[in-house]
Amino acid sequence: MEFNNVYKDKKVFITGNTGFKGTWLSTWLLNLGAHVYGYSKDIPTTPSMFEALDLENKCTHTYGDIRDKESLQQVISQAKPDFIFHLAAQSIVSTSYKEPLETISTNVVGTAVILDIIKDIDFDCSCIIITSDKAYDNVEWIWGYRENDRMGGKDIYSGSKGAAELIINAYIQSFISKKSNIKIATVRAGNVIGGGDWSADRIVVDCINAFTSQKNVELRSPAATRPWQHVLEPLSGYLTTGQYLFENRAINGEAFNFGPSAEQLRTVYELSSELEKRWFGESKSLIKITDNIPFEEAKLLKLNCDKALAYLQWKATLDFNHILNYIVEWYQCYYTNPTNIFDLTIKQINEYTYQASTLGINWAIENDKRD
């Protein structure tokens with residue numbers, strides 16, 4: 001069983017569970033036999049993957065703001081989870097330009113609130129705090145950023161994630177490292193794509209919306225290069241980190257990057273045009289380039305994931321074609337046969353796990369077959 005079966009019958013608490021990554025993580029944990037508890041302030045998009053999969057009736061869900069310490073503390077105290085995954089955040093770069101204070105408050109103060117709760121819990125708990133690859137001070141060099149590179153950012157979203165990392169480290173050093181019952185790690189990933197995302201200003205979402213309505217897709221940064229990764233890739237890293245913390249195999253208080261191999265670097269234009277070909281079976285010339293760039297975006301940011309390989313035996317699984325096929329399969333099922341979308345999501349998780357096992361990746365291999 002994957003992840004050494006550590007999640008079976010365990011209580012797992014997820015903040016931001018109604019979002020894109022939170023929904024995929026919740027579904028995967030349900031498939032692993034976990035009891036999933038969620039805490040989010042709202043349903044962030046319409047349509048919503050969380051609603052499409054009817055997760056409110058499959059998990060124990062509470063609506064609340066991540067900055068409301070009293071409410072969050074009460075829910076965590078009642079659940080007494082074995083694992084906490086903190087994903088709640090304002091994660092849209094364009095929104096951070098429109099609502100800078102809200103972005104900073106959610107991403108920095110919200111992270112501080114859950115850390116303030118974690119430092120006082122009196123039960124055994126493994127905690128995974130998710131930030132972003134945007135936490136690194138991006139100087140747009142060609143090398144991948146390592147976990148000990150400088151935090152920072154030229155835009156509000158990046159700055160909020162860099163600041164959150166500083167707060168995380170301060171809480172770990174001041175309080176949490178002294179607690180024998182708490183294990184904690186921070187994890188960083190970016191350029192995550194996959195079926196079920198309807199967030200604003202995301203290239204895959206823009207493409208799917210255009211394809212379903214036969215309209216043009218306007219690309220504001222067609223030459224921007226990204227190390228695209230399917231959502232299941234970083235989630236497998238987060239779950240591996242949780243497993244290793246639970247088993248006392250990971251170094252407590254450490255940070256880990258999760259990203260694709262260098263071969264997955266593609267431009268925004270390449271991603272869009274390849275999606276179009278798979279959606280229609282041919283190029284329909286719906287991809288249009290515009291010079292209307294409303295805000296500054298980094299042209300290149302990639303991660304060095306050597307530490308995850310060395311300490312967690314983790315590496316990425318999917319090639320670019322598999323990523324595209326998964327995305328198109330998911331959305332086409334949603335728009336043609338939505339009653340089957342939960343089963344398809346589980347199928348993709350199981351297929352991904354099988355592919356990882358054929359590559360000999362440790363988290364996907366049965367315990368007695370590992371090195």
# chains A, B, ... in the order shown; residues from 1 in each chain; ligands from 1
>>> residues_around(residues="Asn248 in chain A", least_positions_apart="2", cutoff="12 Å", atoms="only C-alpha atoms", output="ChimeraX atom specification")
/A:124-126,180-185,241-246,250-253,311-312
>>> residues_around(residues="Gln355 in chain A", least_positions_apart="5", cutoff="9 Å", atoms="only C-alpha atoms", output="list in words")
Thr317, Leu318, Asn350, Gly360 and Ala364 of chain A
>>> select_by_dssp(residues="range 81-216 of chain A", states="alpha helix (DSSP H)", output="ChimeraX atom specification")
/A:93-98,100-104,110-118,156-174,203-213
>>> atom_distance(atom1="CA of Glu247 in chain A", atom2="CA of Lys10 in chain A")
13.6 Å
>>> closest_residue(among="A:Val268, A:Ile208, A:Leu30, A:Ile114", to="Asn191 in chain A", atoms="only C-alpha atoms")
A:Val268
>>> residues_around(residues="range 43-46 of chain A", least_positions_apart="3", cutoff="9 Å", atoms="only C-alpha atoms", output="list in words")
Thr18, Gly19, Phe20, Ser40, Met49, Phe50, Glu51, Asp197, Trp198, Ser199 and Ala200 of chain A
>>> write_last_selection(atoms="C-alpha atoms", output="PDB file, in the first residue's frame")
ATOM      1  CA  THR A  18     -12.295  23.364  -0.785  1.00  0.00           C
ATOM      2  CA  GLY A  19      -9.618  24.667  -3.158  1.00  0.00           C
ATOM      3  CA  PHE A  20      -8.112  22.909  -6.168  1.00  0.00           C
ATOM      4  CA  SER A  40     -12.158  26.626   4.646  1.00  0.00           C
ATOM      5  CA  MET A  49     -14.302  20.544  -7.942  1.00  0.00           C
ATOM      6  CA  PHE A  50     -15.139  20.271  -4.233  1.00  0.00           C
ATOM      7  CA  GLU A  51     -18.850  20.485  -5.064  1.00  0.00           C
ATOM      8  CA  ASP A 197      -9.144  23.887 -11.435  1.00  0.00           C
ATOM      9  CA  TRP A 198     -11.401  26.884 -12.125  1.00  0.00           C
ATOM     10  CA  SER A 199      -9.290  29.585 -10.462  1.00  0.00           C
ATOM     11  CA  ALA A 200      -9.018  33.009 -12.078  1.00  0.00           C
TER      12      ALA A 200
END
>>> closest_residue(among="A:Asp149, A:Glu366, A:Val139, A:Asp120", to="Phe175 in chain A", atoms="only C-alpha atoms")
A:Asp120
>>> atom_distance(atom1="CA of Gly194 in chain A", atom2="CA of Ile128 in chain A")
21.7 Å
>>> select_by_dssp(residues="range 36-173 of chain A", states="strand (DSSP E)", output="list of chain:residue names")
A:Val36, A:Tyr37, A:Gly38, A:Tyr39, A:Ser40, A:Thr60, A:His61, A:Thr62, A:Tyr63, A:Phe83, A:Ile84, A:Phe85, A:His86, A:Cys125, A:Ser126, A:Cys127, A:Ile128, A:Ile129, A:Ile130
>>> closest_residue(among="A:Phe342, A:Leu300, A:Phe320, A:Ser96", to="Trp141 in chain A", atoms="only C-alpha atoms")
A:Leu300
